[in-house]
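Below: coords-v1.cif (mmCIF, N, CA and C atoms)
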data_structure
loop_
_atom_site.label_atom_id
_atom_site.label_comp_id
_atom_site.auth_asym_id
_atom_site.auth_seq_id
_atom_site.Cartn_x
_atom_site.Cartn_y
_atom_site.Cartn_z
N MET A 1 25.88 -38.20 -45.02
CA MET A 1 25.09 -38.03 -43.84
C MET A 1 25.92 -37.56 -42.64
N PRO A 2 27.12 -38.07 -42.42
CA PRO A 2 27.92 -37.63 -41.28
C PRO A 2 28.22 -36.13 -41.32
N LYS A 3 28.40 -35.56 -42.55
CA LYS A 3 28.65 -34.11 -42.64
C LYS A 3 27.43 -33.33 -42.18
N GLN A 4 26.25 -33.82 -42.52
CA GLN A 4 25.02 -33.13 -42.12
C GLN A 4 24.83 -33.20 -40.60
N ILE A 5 25.17 -34.31 -40.00
CA ILE A 5 25.06 -34.46 -38.55
C ILE A 5 26.07 -33.55 -37.86
N ALA A 6 27.29 -33.52 -38.38
CA ALA A 6 28.32 -32.64 -37.80
C ALA A 6 27.89 -31.19 -37.91
N ALA A 7 27.34 -30.81 -39.05
CA ALA A 7 26.89 -29.43 -39.24
C ALA A 7 25.76 -29.12 -38.28
N GLY A 8 24.85 -30.07 -38.09
CA GLY A 8 23.74 -29.88 -37.16
C GLY A 8 24.22 -29.72 -35.73
N ILE A 9 25.20 -30.54 -35.36
CA ILE A 9 25.77 -30.45 -34.00
C ILE A 9 26.47 -29.10 -33.81
N LEU A 10 27.19 -28.66 -34.83
CA LEU A 10 27.88 -27.37 -34.77
C LEU A 10 26.87 -26.23 -34.60
N VAL A 11 25.81 -26.25 -35.37
CA VAL A 11 24.76 -25.22 -35.24
C VAL A 11 24.16 -25.26 -33.84
N LEU A 12 23.91 -26.45 -33.33
CA LEU A 12 23.35 -26.60 -31.99
C LEU A 12 24.30 -26.03 -30.93
N LEU A 13 25.59 -26.34 -31.04
CA LEU A 13 26.57 -25.82 -30.09
C LEU A 13 26.66 -24.30 -30.14
N VAL A 14 26.74 -23.75 -31.36
CA VAL A 14 26.80 -22.29 -31.51
C VAL A 14 25.54 -21.65 -30.92
N SER A 15 24.40 -22.24 -31.18
CA SER A 15 23.13 -21.73 -30.64
C SER A 15 23.15 -21.74 -29.12
N CYS A 16 23.66 -22.81 -28.53
CA CYS A 16 23.72 -22.91 -27.07
C CYS A 16 24.64 -21.83 -26.49
N VAL A 17 25.78 -21.64 -27.12
CA VAL A 17 26.74 -20.62 -26.64
C VAL A 17 26.10 -19.23 -26.73
N LEU A 18 25.47 -18.93 -27.86
CA LEU A 18 24.83 -17.62 -28.03
C LEU A 18 23.69 -17.44 -27.03
N MET A 19 22.87 -18.49 -26.85
CA MET A 19 21.78 -18.40 -25.90
C MET A 19 22.30 -18.16 -24.49
N ARG A 20 23.35 -18.87 -24.12
CA ARG A 20 23.93 -18.69 -22.79
C ARG A 20 24.41 -17.26 -22.62
N THR A 21 25.08 -16.74 -23.65
CA THR A 21 25.60 -15.37 -23.59
C THR A 21 24.46 -14.37 -23.42
N TYR A 22 23.42 -14.50 -24.24
CA TYR A 22 22.30 -13.55 -24.15
C TYR A 22 21.51 -13.71 -22.86
N LEU A 23 21.33 -14.95 -22.42
CA LEU A 23 20.62 -15.16 -21.17
C LEU A 23 21.40 -14.58 -19.99
N TRP A 24 22.71 -14.78 -20.00
CA TRP A 24 23.55 -14.24 -18.93
C TRP A 24 23.51 -12.72 -18.93
N ALA A 25 23.60 -12.10 -20.12
CA ALA A 25 23.53 -10.64 -20.22
C ALA A 25 22.17 -10.15 -19.72
N GLY A 26 21.11 -10.85 -20.09
CA GLY A 26 19.77 -10.49 -19.63
C GLY A 26 19.64 -10.60 -18.12
N ALA A 27 20.19 -11.66 -17.57
CA ALA A 27 20.13 -11.85 -16.12
C ALA A 27 20.90 -10.74 -15.39
N ARG A 28 22.08 -10.40 -15.90
CA ARG A 28 22.85 -9.31 -15.28
C ARG A 28 22.07 -8.00 -15.33
N ARG A 29 21.45 -7.73 -16.48
CA ARG A 29 20.66 -6.50 -16.64
C ARG A 29 19.49 -6.50 -15.66
N LEU A 30 18.82 -7.63 -15.53
CA LEU A 30 17.68 -7.73 -14.63
C LEU A 30 18.12 -7.47 -13.19
N PHE A 31 19.23 -8.08 -12.76
CA PHE A 31 19.70 -7.87 -11.40
C PHE A 31 20.16 -6.44 -11.16
N SER A 32 20.77 -5.80 -12.16
CA SER A 32 21.19 -4.41 -11.98
C SER A 32 19.99 -3.49 -11.89
N VAL A 33 18.95 -3.76 -12.68
CA VAL A 33 17.73 -2.95 -12.60
C VAL A 33 17.06 -3.16 -11.25
N MET A 34 17.03 -4.41 -10.79
CA MET A 34 16.42 -4.68 -9.49
C MET A 34 17.19 -3.97 -8.38
N ALA A 35 18.50 -3.90 -8.51
CA ALA A 35 19.30 -3.22 -7.49
C ALA A 35 19.02 -1.73 -7.47
N ASP A 36 18.63 -1.15 -8.61
CA ASP A 36 18.35 0.27 -8.69
C ASP A 36 16.90 0.62 -8.36
N THR A 37 16.11 -0.36 -7.99
CA THR A 37 14.70 -0.08 -7.71
C THR A 37 14.42 -0.12 -6.22
N THR A 38 15.34 0.39 -5.44
CA THR A 38 15.09 0.54 -4.02
C THR A 38 13.86 1.42 -3.87
N PRO A 39 12.93 1.05 -3.02
CA PRO A 39 11.72 1.86 -2.88
C PRO A 39 12.05 3.33 -2.57
N TYR A 40 11.42 4.22 -3.29
CA TYR A 40 11.63 5.65 -3.09
C TYR A 40 10.59 6.17 -2.11
N THR A 41 11.03 6.96 -1.16
CA THR A 41 10.11 7.57 -0.21
C THR A 41 9.64 8.89 -0.79
N SER A 42 8.37 8.98 -1.11
CA SER A 42 7.78 10.18 -1.70
C SER A 42 8.11 11.40 -0.85
N GLY A 43 8.55 12.48 -1.51
CA GLY A 43 8.83 13.73 -0.83
C GLY A 43 10.26 13.89 -0.35
N THR A 44 11.09 12.87 -0.52
CA THR A 44 12.48 12.95 -0.09
C THR A 44 13.24 14.03 -0.87
N HIS A 45 12.87 14.17 -2.14
CA HIS A 45 13.53 15.15 -3.01
C HIS A 45 12.53 16.17 -3.50
N SER A 46 13.05 17.32 -3.92
CA SER A 46 12.19 18.40 -4.41
C SER A 46 12.76 18.98 -5.69
N ALA A 47 11.87 19.60 -6.46
CA ALA A 47 12.27 20.41 -7.61
C ALA A 47 11.99 21.86 -7.22
N CYS A 48 12.99 22.70 -7.38
CA CYS A 48 12.85 24.12 -7.07
C CYS A 48 12.92 24.91 -8.38
N PHE A 49 12.23 26.03 -8.39
CA PHE A 49 12.20 26.87 -9.58
C PHE A 49 12.60 28.28 -9.19
N VAL A 50 13.55 28.83 -9.94
CA VAL A 50 14.08 30.18 -9.69
C VAL A 50 14.16 30.90 -11.03
N THR A 51 13.62 32.11 -11.10
CA THR A 51 13.78 32.91 -12.32
C THR A 51 15.00 33.81 -12.15
N VAL A 52 15.71 34.02 -13.26
CA VAL A 52 16.89 34.88 -13.28
C VAL A 52 16.83 35.81 -14.49
N PRO A 53 17.51 36.98 -14.42
CA PRO A 53 17.42 37.94 -15.51
C PRO A 53 18.21 37.57 -16.76
N ASP A 54 19.30 36.80 -16.59
CA ASP A 54 20.14 36.49 -17.75
C ASP A 54 20.96 35.23 -17.50
N GLU A 55 21.63 34.78 -18.55
CA GLU A 55 22.40 33.53 -18.49
C GLU A 55 23.56 33.62 -17.50
N GLU A 56 24.21 34.76 -17.43
CA GLU A 56 25.35 34.92 -16.52
C GLU A 56 24.93 34.69 -15.07
N VAL A 57 23.83 35.29 -14.66
CA VAL A 57 23.33 35.10 -13.30
C VAL A 57 22.89 33.65 -13.11
N GLY A 58 22.22 33.09 -14.11
CA GLY A 58 21.75 31.71 -14.03
C GLY A 58 22.89 30.73 -13.83
N LYS A 59 23.95 30.89 -14.62
CA LYS A 59 25.10 29.99 -14.50
C LYS A 59 25.81 30.17 -13.16
N LYS A 60 25.91 31.40 -12.69
CA LYS A 60 26.57 31.66 -11.41
C LYS A 60 25.82 30.97 -10.27
N ILE A 61 24.51 31.13 -10.26
CA ILE A 61 23.71 30.50 -9.20
C ILE A 61 23.73 28.98 -9.36
N ALA A 62 23.57 28.47 -10.57
CA ALA A 62 23.56 27.02 -10.81
C ALA A 62 24.87 26.38 -10.35
N ARG A 63 25.99 26.95 -10.76
CA ARG A 63 27.28 26.39 -10.36
C ARG A 63 27.47 26.43 -8.85
N GLY A 64 27.08 27.53 -8.24
CA GLY A 64 27.20 27.65 -6.78
C GLY A 64 26.38 26.61 -6.04
N LEU A 65 25.16 26.38 -6.52
CA LEU A 65 24.30 25.38 -5.88
C LEU A 65 24.89 23.98 -5.99
N VAL A 66 25.39 23.63 -7.17
CA VAL A 66 25.96 22.29 -7.38
C VAL A 66 27.28 22.15 -6.61
N GLN A 67 28.13 23.16 -6.67
CA GLN A 67 29.43 23.08 -5.97
C GLN A 67 29.25 22.98 -4.46
N ASN A 68 28.22 23.64 -3.93
CA ASN A 68 27.96 23.62 -2.48
C ASN A 68 27.08 22.45 -2.05
N LYS A 69 26.85 21.50 -2.95
CA LYS A 69 26.06 20.29 -2.66
C LYS A 69 24.63 20.64 -2.21
N LEU A 70 24.09 21.75 -2.73
CA LEU A 70 22.72 22.12 -2.45
C LEU A 70 21.79 21.64 -3.56
N ALA A 71 22.37 21.22 -4.68
CA ALA A 71 21.60 20.71 -5.82
C ALA A 71 22.43 19.66 -6.54
N ALA A 72 21.72 18.67 -7.10
CA ALA A 72 22.40 17.66 -7.91
C ALA A 72 22.51 18.12 -9.35
N CYS A 73 21.49 18.85 -9.80
CA CYS A 73 21.43 19.27 -11.20
C CYS A 73 20.58 20.53 -11.30
N VAL A 74 21.00 21.43 -12.16
CA VAL A 74 20.22 22.64 -12.44
C VAL A 74 20.10 22.78 -13.95
N ASN A 75 18.87 22.77 -14.44
CA ASN A 75 18.62 23.04 -15.85
C ASN A 75 18.35 24.52 -16.01
N ILE A 76 18.99 25.13 -17.00
CA ILE A 76 18.77 26.54 -17.30
C ILE A 76 17.90 26.60 -18.54
N ILE A 77 16.66 27.00 -18.35
CA ILE A 77 15.68 27.03 -19.43
C ILE A 77 15.58 28.46 -19.95
N PRO A 78 15.96 28.67 -21.21
CA PRO A 78 15.99 30.04 -21.73
C PRO A 78 14.63 30.55 -22.19
N LYS A 79 14.59 31.85 -22.36
CA LYS A 79 13.52 32.54 -23.07
C LYS A 79 12.12 32.26 -22.53
N ILE A 80 11.90 32.64 -21.28
CA ILE A 80 10.55 32.65 -20.75
C ILE A 80 10.14 34.11 -20.61
N ILE A 81 8.86 34.34 -20.55
CA ILE A 81 8.34 35.69 -20.32
C ILE A 81 7.55 35.65 -19.03
N SER A 82 7.87 36.54 -18.12
CA SER A 82 7.16 36.62 -16.85
C SER A 82 6.30 37.88 -16.84
N VAL A 83 5.04 37.72 -16.49
CA VAL A 83 4.11 38.84 -16.32
C VAL A 83 3.72 38.84 -14.85
N TYR A 84 3.94 39.97 -14.17
CA TYR A 84 3.74 40.01 -12.73
C TYR A 84 3.45 41.44 -12.30
N GLU A 85 2.92 41.57 -11.09
CA GLU A 85 2.71 42.90 -10.53
C GLU A 85 3.85 43.23 -9.59
N TRP A 86 4.41 44.44 -9.74
CA TRP A 86 5.50 44.90 -8.88
C TRP A 86 5.31 46.38 -8.61
N GLU A 87 5.23 46.72 -7.33
CA GLU A 87 5.06 48.10 -6.89
C GLU A 87 3.88 48.78 -7.60
N GLY A 88 2.76 48.05 -7.67
CA GLY A 88 1.52 48.60 -8.19
C GLY A 88 1.39 48.62 -9.70
N LYS A 89 2.38 48.12 -10.43
CA LYS A 89 2.32 48.11 -11.89
C LYS A 89 2.46 46.69 -12.42
N VAL A 90 1.77 46.41 -13.53
CA VAL A 90 1.93 45.12 -14.20
C VAL A 90 3.18 45.21 -15.07
N GLU A 91 4.10 44.30 -14.84
CA GLU A 91 5.38 44.27 -15.55
C GLU A 91 5.44 43.04 -16.45
N GLU A 92 6.29 43.10 -17.46
CA GLU A 92 6.54 41.96 -18.34
C GLU A 92 8.03 41.95 -18.68
N ASP A 93 8.68 40.85 -18.34
CA ASP A 93 10.14 40.75 -18.57
C ASP A 93 10.51 39.40 -19.16
N GLY A 94 11.55 39.42 -19.99
CA GLY A 94 12.16 38.19 -20.46
C GLY A 94 13.10 37.67 -19.38
N GLU A 95 13.03 36.40 -19.06
CA GLU A 95 13.87 35.81 -18.02
C GLU A 95 14.29 34.40 -18.45
N LEU A 96 15.06 33.76 -17.60
CA LEU A 96 15.40 32.35 -17.74
C LEU A 96 14.87 31.66 -16.49
N LEU A 97 14.62 30.36 -16.59
CA LEU A 97 14.12 29.61 -15.46
C LEU A 97 15.13 28.54 -15.07
N LEU A 98 15.48 28.50 -13.80
CA LEU A 98 16.33 27.43 -13.27
C LEU A 98 15.41 26.35 -12.70
N MET A 99 15.58 25.13 -13.18
CA MET A 99 14.85 23.99 -12.63
C MET A 99 15.89 23.18 -11.84
N ILE A 100 15.74 23.18 -10.54
CA ILE A 100 16.76 22.67 -9.64
C ILE A 100 16.27 21.40 -8.94
N LYS A 101 17.09 20.34 -8.98
CA LYS A 101 16.74 19.10 -8.29
C LYS A 101 17.61 18.96 -7.05
N THR A 102 16.96 18.73 -5.91
CA THR A 102 17.66 18.70 -4.63
C THR A 102 16.92 17.81 -3.64
N ARG A 103 17.48 17.70 -2.46
CA ARG A 103 16.78 17.04 -1.36
C ARG A 103 15.83 18.06 -0.73
N THR A 104 14.70 17.59 -0.28
CA THR A 104 13.73 18.47 0.38
C THR A 104 14.36 19.11 1.62
N SER A 105 15.22 18.38 2.30
CA SER A 105 15.87 18.91 3.51
C SER A 105 16.83 20.06 3.19
N LYS A 106 17.17 20.27 1.92
CA LYS A 106 18.11 21.33 1.53
C LYS A 106 17.41 22.57 0.98
N VAL A 107 16.08 22.57 0.89
CA VAL A 107 15.37 23.69 0.26
C VAL A 107 15.62 25.00 1.00
N ALA A 108 15.62 25.00 2.32
CA ALA A 108 15.84 26.24 3.08
C ALA A 108 17.24 26.80 2.82
N ALA A 109 18.26 25.95 2.85
CA ALA A 109 19.64 26.40 2.59
C ALA A 109 19.78 26.86 1.14
N LEU A 110 19.13 26.16 0.21
CA LEU A 110 19.14 26.55 -1.20
C LEU A 110 18.52 27.93 -1.37
N THR A 111 17.40 28.15 -0.72
CA THR A 111 16.71 29.46 -0.77
C THR A 111 17.61 30.56 -0.24
N ASP A 112 18.27 30.29 0.86
CA ASP A 112 19.18 31.28 1.45
C ASP A 112 20.32 31.60 0.49
N PHE A 113 20.89 30.58 -0.16
CA PHE A 113 21.97 30.79 -1.12
C PHE A 113 21.49 31.67 -2.28
N VAL A 114 20.30 31.37 -2.80
CA VAL A 114 19.77 32.15 -3.92
C VAL A 114 19.56 33.60 -3.48
N ARG A 115 18.96 33.82 -2.32
CA ARG A 115 18.72 35.20 -1.86
C ARG A 115 20.02 35.98 -1.73
N LYS A 116 21.10 35.34 -1.32
CA LYS A 116 22.38 36.03 -1.14
C LYS A 116 23.11 36.27 -2.47
N ASN A 117 22.77 35.52 -3.52
CA ASN A 117 23.51 35.60 -4.78
C ASN A 117 22.68 36.08 -5.97
N HIS A 118 21.49 36.55 -5.72
CA HIS A 118 20.55 36.94 -6.78
C HIS A 118 20.43 38.46 -6.82
N PRO A 119 20.36 39.05 -8.01
CA PRO A 119 20.27 40.51 -8.10
C PRO A 119 18.89 41.09 -7.77
N TYR A 120 17.83 40.29 -7.77
CA TYR A 120 16.49 40.82 -7.48
C TYR A 120 16.32 41.07 -5.99
N ASP A 121 15.48 42.06 -5.66
CA ASP A 121 15.15 42.33 -4.25
C ASP A 121 14.39 41.15 -3.65
N VAL A 122 13.49 40.57 -4.44
CA VAL A 122 12.68 39.44 -3.98
C VAL A 122 12.77 38.33 -5.03
N PRO A 123 13.82 37.53 -4.98
CA PRO A 123 13.94 36.47 -5.99
C PRO A 123 12.88 35.39 -5.79
N GLU A 124 12.41 34.86 -6.91
CA GLU A 124 11.45 33.76 -6.86
C GLU A 124 12.19 32.47 -6.54
N VAL A 125 11.79 31.82 -5.47
CA VAL A 125 12.27 30.48 -5.14
C VAL A 125 11.05 29.72 -4.66
N ILE A 126 10.57 28.81 -5.49
CA ILE A 126 9.44 27.99 -5.11
C ILE A 126 9.85 26.53 -5.30
N SER A 127 9.18 25.65 -4.57
CA SER A 127 9.55 24.24 -4.69
C SER A 127 8.32 23.36 -4.58
N THR A 128 8.49 22.15 -5.08
CA THR A 128 7.47 21.13 -4.95
C THR A 128 8.15 19.80 -4.68
N LYS A 129 7.57 19.02 -3.80
CA LYS A 129 8.15 17.72 -3.47
C LYS A 129 7.89 16.74 -4.61
N LEU A 130 8.87 15.87 -4.85
CA LEU A 130 8.76 14.87 -5.90
C LEU A 130 8.11 13.61 -5.35
N ASP A 131 7.10 13.15 -6.06
CA ASP A 131 6.37 11.97 -5.62
C ASP A 131 7.00 10.70 -6.14
N GLN A 132 7.43 10.71 -7.42
CA GLN A 132 8.01 9.53 -8.05
C GLN A 132 9.08 9.95 -9.04
N GLY A 133 9.82 8.98 -9.54
CA GLY A 133 10.83 9.24 -10.56
C GLY A 133 11.59 7.97 -10.89
N ASN A 134 12.45 8.07 -11.87
CA ASN A 134 13.32 6.96 -12.26
C ASN A 134 14.13 6.56 -11.02
N PRO A 135 13.99 5.34 -10.53
CA PRO A 135 14.69 4.94 -9.31
C PRO A 135 16.20 5.19 -9.37
N ALA A 136 16.83 4.91 -10.51
CA ALA A 136 18.28 5.13 -10.62
C ALA A 136 18.60 6.62 -10.51
N TYR A 137 17.77 7.48 -11.09
CA TYR A 137 18.00 8.93 -11.01
C TYR A 137 17.80 9.42 -9.58
N MET A 138 16.75 8.94 -8.92
CA MET A 138 16.50 9.36 -7.55
C MET A 138 17.64 8.92 -6.62
N LYS A 139 18.16 7.74 -6.88
CA LYS A 139 19.30 7.25 -6.10
C LYS A 139 20.51 8.16 -6.32
N TRP A 140 20.79 8.50 -7.59
CA TRP A 140 21.91 9.39 -7.91
C TRP A 140 21.72 10.75 -7.25
N LEU A 141 20.51 11.28 -7.30
CA LEU A 141 20.23 12.57 -6.69
C LEU A 141 20.56 12.53 -5.19
N GLY A 142 20.11 11.47 -4.53
CA GLY A 142 20.38 11.32 -3.10
C GLY A 142 21.86 11.16 -2.77
N GLU A 143 22.60 10.48 -3.64
CA GLU A 143 24.03 10.31 -3.41
C GLU A 143 24.80 11.60 -3.67
N THR A 144 24.30 12.41 -4.61
CA THR A 144 24.99 13.64 -5.00
C THR A 144 24.78 14.75 -3.99
N VAL A 145 23.58 14.82 -3.43
CA VAL A 145 23.26 15.84 -2.41
C VAL A 145 23.10 15.11 -1.07
N PRO A 146 24.14 15.12 -0.25
CA PRO A 146 24.06 14.39 1.03
C PRO A 146 23.04 15.01 1.98
N ASP A 147 22.49 14.18 2.82
CA ASP A 147 21.49 14.64 3.79
C ASP A 147 22.17 14.88 5.14
N ASN A 148 22.91 15.98 5.21
CA ASN A 148 23.56 16.30 6.49
C ASN A 148 23.51 17.77 6.76
#
Can I see the file as C-alpha cells?
Amino acid sequence: MPKQIAAGILVLLVSCVLMRTYLWAGARRLFSVMADTTPYTSGTHSACFVTVPDEEVGKKIARGLVQNKLAACVNIIPKIISVYEWEGKVEEDGELLLMIKTRTSKVAALTDFVRKNHPYDVPEVISTKLDQGNPAYMKWLGETVPDN
C-alpha cells in the first residue's frame, strides 16, 4: 500500500507542476494578446493599389516605397490583365498589381513617389482606408511607417 500512495503522490506532484507550467504559459499568452489589442482607429492606415508593366518596375517601386518609409509592405501580385480605354481605344495588357500597406497620412507622398518612378504617363494609384485588421499587424504597420 505505501508504494501505491507514493506513486499517487508522485503523479499528483507531476500533474501540479505540468498544470502550473501550462497555466503560466496560457496566462503569458493571454497578456501578450491583450497588449497587442490596442484599439485601432478606423482609417489610420490605407491599402494602395498600383499597376506596373513588369516585375522589374514592380520591385523597383516596392523597394523604394519601403526604403523611404512610405510603405510597410508591398505585395507584388503577378499576371493580371487590365482592360481599359486609352486615347480613344480599348486596350488590353498583362500587368502586375502592387498591393501596398501604408498610413493614410502617407498616401499623397506615396502617390508622388510612384508618379516620379513609374514608366506610364498616368500611373494608377488608388487607395482605400482600412477599417479593421489584426491588431498586432496594424501596430507593426504603424511602427514601420512613422507618422511624421
Residues in the PyMOL selection byres (((chain A and resi 70 and name CA) around 12) and name CA), expressed as a VMD selection string
chain A and resid 45 to 48 61 to 69 71 to 74 100 to 114 141 to 148
Specify the axis-aligned box that encloses all atoms of region 94-101 of chain A listed in the file after padding of 5 Å on each side, stating its centre and edge lengths in Å to one decimal as AutoDock Vina command-line options.
--center_x 14.6 --center_y 29.2 --center_z -13.8 --size_x 16.1 --size_y 30.5 --size_z 23.4
If I take atom N of Glu91 (chain A) and atom C of Lys79 (chain A), how far is one from the other in Å, to one decimal?
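Result for atom N of Glu91 (chain A) versus atom C of Lys79 (chain A): 16.4 Å, one decimal.
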Would you list the contacts of Ile81 (chain A) as a list in words, taking every protein, DNA or RNA residue within 8 Å and counting all atoms listed in the file, but skipping same-chain residues closer than 4 positions in sequence?
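Once the adjacent positions are removed, what remains is Glu92, Asp93, Gly94, Glu95 and Leu96 of chain A.
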Could you tell me which of A:Leu130, A:Met99, A:Ile77, A:Val90 comes closest to Asp54 (chain A) if we count only C-alpha atoms?
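That would be A:Ile77, the residue with the smallest distance to Asp54 (chain A).
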Measure the distance from atom C of Leu98 (chain A) to atom N of Thr44 (chain A) in Å and round it to one decimal.
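These atoms are spaced 18.7 Å apart.
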Record the distance separating atom C of Val52 (chain A) and atom N of Leu97 (chain A), expressed in Å with one decimal.
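Here the two named atoms are 6.2 Å from each other.
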Give the answer as one residue: which of A:Lys116, A:Ile126, A:Thr41, A:Glu55 has the shortest atom-to-atom distance to Pro78 (chain A), using all atoms listed in the file?
A:Glu55
As an NGL selection string, please: all residues of region 27-123 of chain A that backbone DSSP puts in alpha helix (DSSP H).
:A and (27-35 or 55-67 or 107-117)
Dump of N, CA and C atoms for the selected residues, as an mmCIF file, keeping the file's coordinate frame:
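So the final result, stored in selection.cif, reads:
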data_model
loop_
_atom_site.group_PDB
_atom_site.id
_atom_site.type_symbol
_atom_site.label_atom_id
_atom_site.label_comp_id
_atom_site.auth_asym_id
_atom_site.auth_seq_id
_atom_site.Cartn_x
_atom_site.Cartn_y
_atom_site.Cartn_z
ATOM 1 N N ALA A 27 20.190 -11.660 -17.570
ATOM 2 C CA ALA A 27 20.130 -11.850 -16.120
ATOM 3 C C ALA A 27 20.900 -10.740 -15.390
ATOM 4 N N ARG A 28 22.080 -10.400 -15.900
ATOM 5 C CA ARG A 28 22.850 -9.310 -15.280
ATOM 6 C C ARG A 28 22.070 -8.000 -15.330
ATOM 7 N N ARG A 29 21.450 -7.730 -16.480
ATOM 8 C CA ARG A 29 20.660 -6.500 -16.640
ATOM 9 C C ARG A 29 19.490 -6.500 -15.660
ATOM 10 N N LEU A 30 18.820 -7.630 -15.530
ATOM 11 C CA LEU A 30 17.680 -7.730 -14.630
ATOM 12 C C LEU A 30 18.120 -7.470 -13.190
ATOM 13 N N PHE A 31 19.230 -8.080 -12.760
ATOM 14 C CA PHE A 31 19.700 -7.870 -11.400
ATOM 15 C C PHE A 31 20.160 -6.440 -11.160
ATOM 16 N N SER A 32 20.770 -5.800 -12.160
ATOM 17 C CA SER A 32 21.190 -4.410 -11.980
ATOM 18 C C SER A 32 19.990 -3.490 -11.890
ATOM 19 N N VAL A 33 18.950 -3.760 -12.680
ATOM 20 C CA VAL A 33 17.730 -2.950 -12.600
ATOM 21 C C VAL A 33 17.060 -3.160 -11.250
ATOM 22 N N MET A 34 17.030 -4.410 -10.790
ATOM 23 C CA MET A 34 16.420 -4.680 -9.490
ATOM 24 C C MET A 34 17.190 -3.970 -8.380
ATOM 25 N N ALA A 35 18.500 -3.900 -8.510
ATOM 26 C CA ALA A 35 19.300 -3.220 -7.490
ATOM 27 C C ALA A 35 19.020 -1.730 -7.470
ATOM 28 N N GLU A 55 21.630 34.780 -18.550
ATOM 29 C CA GLU A 55 22.400 33.530 -18.490
ATOM 30 C C GLU A 55 23.560 33.620 -17.500
ATOM 31 N N GLU A 56 24.210 34.760 -17.430
ATOM 32 C CA GLU A 56 25.350 34.920 -16.520
ATOM 33 C C GLU A 56 24.930 34.690 -15.070
ATOM 34 N N VAL A 57 23.830 35.290 -14.660
ATOM 35 C CA VAL A 57 23.330 35.100 -13.300
ATOM 36 C C VAL A 57 22.890 33.650 -13.110
ATOM 37 N N GLY A 58 22.220 33.090 -14.110
ATOM 38 C CA GLY A 58 21.750 31.710 -14.030
ATOM 39 C C GLY A 58 22.890 30.730 -13.830
ATOM 40 N N LYS A 59 23.950 30.890 -14.620
ATOM 41 C CA LYS A 59 25.100 29.990 -14.500
ATOM 42 C C LYS A 59 25.810 30.170 -13.160
ATOM 43 N N LYS A 60 25.910 31.400 -12.690
ATOM 44 C CA LYS A 60 26.570 31.660 -11.410
ATOM 45 C C LYS A 60 25.820 30.970 -10.270
ATOM 46 N N ILE A 61 24.510 31.130 -10.260
ATOM 47 C CA ILE A 61 23.710 30.500 -9.200
ATOM 48 C C ILE A 61 23.730 28.980 -9.360
ATOM 49 N N ALA A 62 23.570 28.470 -10.570
ATOM 50 C CA ALA A 62 23.560 27.020 -10.810
ATOM 51 C C ALA A 62 24.870 26.380 -10.350
ATOM 52 N N ARG A 63 25.990 26.950 -10.760
ATOM 53 C CA ARG A 63 27.280 26.390 -10.360
ATOM 54 C C ARG A 63 27.470 26.430 -8.850
ATOM 55 N N GLY A 64 27.080 27.530 -8.240
ATOM 56 C CA GLY A 64 27.200 27.650 -6.780
ATOM 57 C C GLY A 64 26.380 26.610 -6.040
ATOM 58 N N LEU A 65 25.160 26.380 -6.520
ATOM 59 C CA LEU A 65 24.300 25.380 -5.880
ATOM 60 C C LEU A 65 24.890 23.980 -5.990
ATOM 61 N N VAL A 66 25.390 23.630 -7.170
ATOM 62 C CA VAL A 66 25.960 22.290 -7.380
ATOM 63 C C VAL A 66 27.280 22.150 -6.610
ATOM 64 N N GLN A 67 28.130 23.160 -6.670
ATOM 65 C CA GLN A 67 29.430 23.080 -5.970
ATOM 66 C C GLN A 67 29.250 22.980 -4.460
ATOM 67 N N VAL A 107 16.080 22.570 0.890
ATOM 68 C CA VAL A 107 15.370 23.690 0.260
ATOM 69 C C VAL A 107 15.620 25.000 1.000
ATOM 70 N N ALA A 108 15.620 25.000 2.320
ATOM 71 C CA ALA A 108 15.840 26.240 3.080
ATOM 72 C C ALA A 108 17.240 26.800 2.820
ATOM 73 N N ALA A 109 18.260 25.950 2.850
ATOM 74 C CA ALA A 109 19.640 26.400 2.590
ATOM 75 C C ALA A 109 19.780 26.860 1.140
ATOM 76 N N LEU A 110 19.130 26.160 0.210
ATOM 77 C CA LEU A 110 19.140 26.550 -1.200
ATOM 78 C C LEU A 110 18.520 27.930 -1.370
ATOM 79 N N THR A 111 17.400 28.150 -0.720
ATOM 80 C CA THR A 111 16.710 29.460 -0.770
ATOM 81 C C THR A 111 17.610 30.560 -0.240
ATOM 82 N N ASP A 112 18.270 30.290 0.860
ATOM 83 C CA ASP A 112 19.180 31.280 1.450
ATOM 84 C C ASP A 112 20.320 31.600 0.490
ATOM 85 N N PHE A 113 20.890 30.580 -0.160
ATOM 86 C CA PHE A 113 21.970 30.790 -1.120
ATOM 87 C C PHE A 113 21.490 31.670 -2.280
ATOM 88 N N VAL A 114 20.300 31.370 -2.800
ATOM 89 C CA VAL A 114 19.770 32.150 -3.920
ATOM 90 C C VAL A 114 19.560 33.600 -3.480
ATOM 91 N N ARG A 115 18.960 33.820 -2.320
ATOM 92 C CA ARG A 115 18.720 35.200 -1.860
ATOM 93 C C ARG A 115 20.020 35.980 -1.730
ATOM 94 N N LYS A 116 21.100 35.340 -1.320
ATOM 95 C CA LYS A 116 22.380 36.030 -1.140
ATOM 96 C C LYS A 116 23.110 36.270 -2.470
ATOM 97 N N ASN A 117 22.770 35.520 -3.520
ATOM 98 C CA ASN A 117 23.510 35.600 -4.780
ATOM 99 C C ASN A 117 22.680 36.080 -5.970
#
Pick from A:Val50, A:Glu87, A:Gly43, A:Thr38: nearest to Val125 (chain A), with only N, CA and C atoms counted?
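Once distances to Val125 (chain A) are computed over only N, CA and C atoms, the minimum belongs to A:Val50.
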Pick the closest to Pro119 (chain A) from A:Ser82, A:Ile76, A:Lys89, A:Val57: which is it, counting all atoms listed in the file?
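Of the candidates, the smallest distance to Pro119 (chain A) is held by A:Val57.
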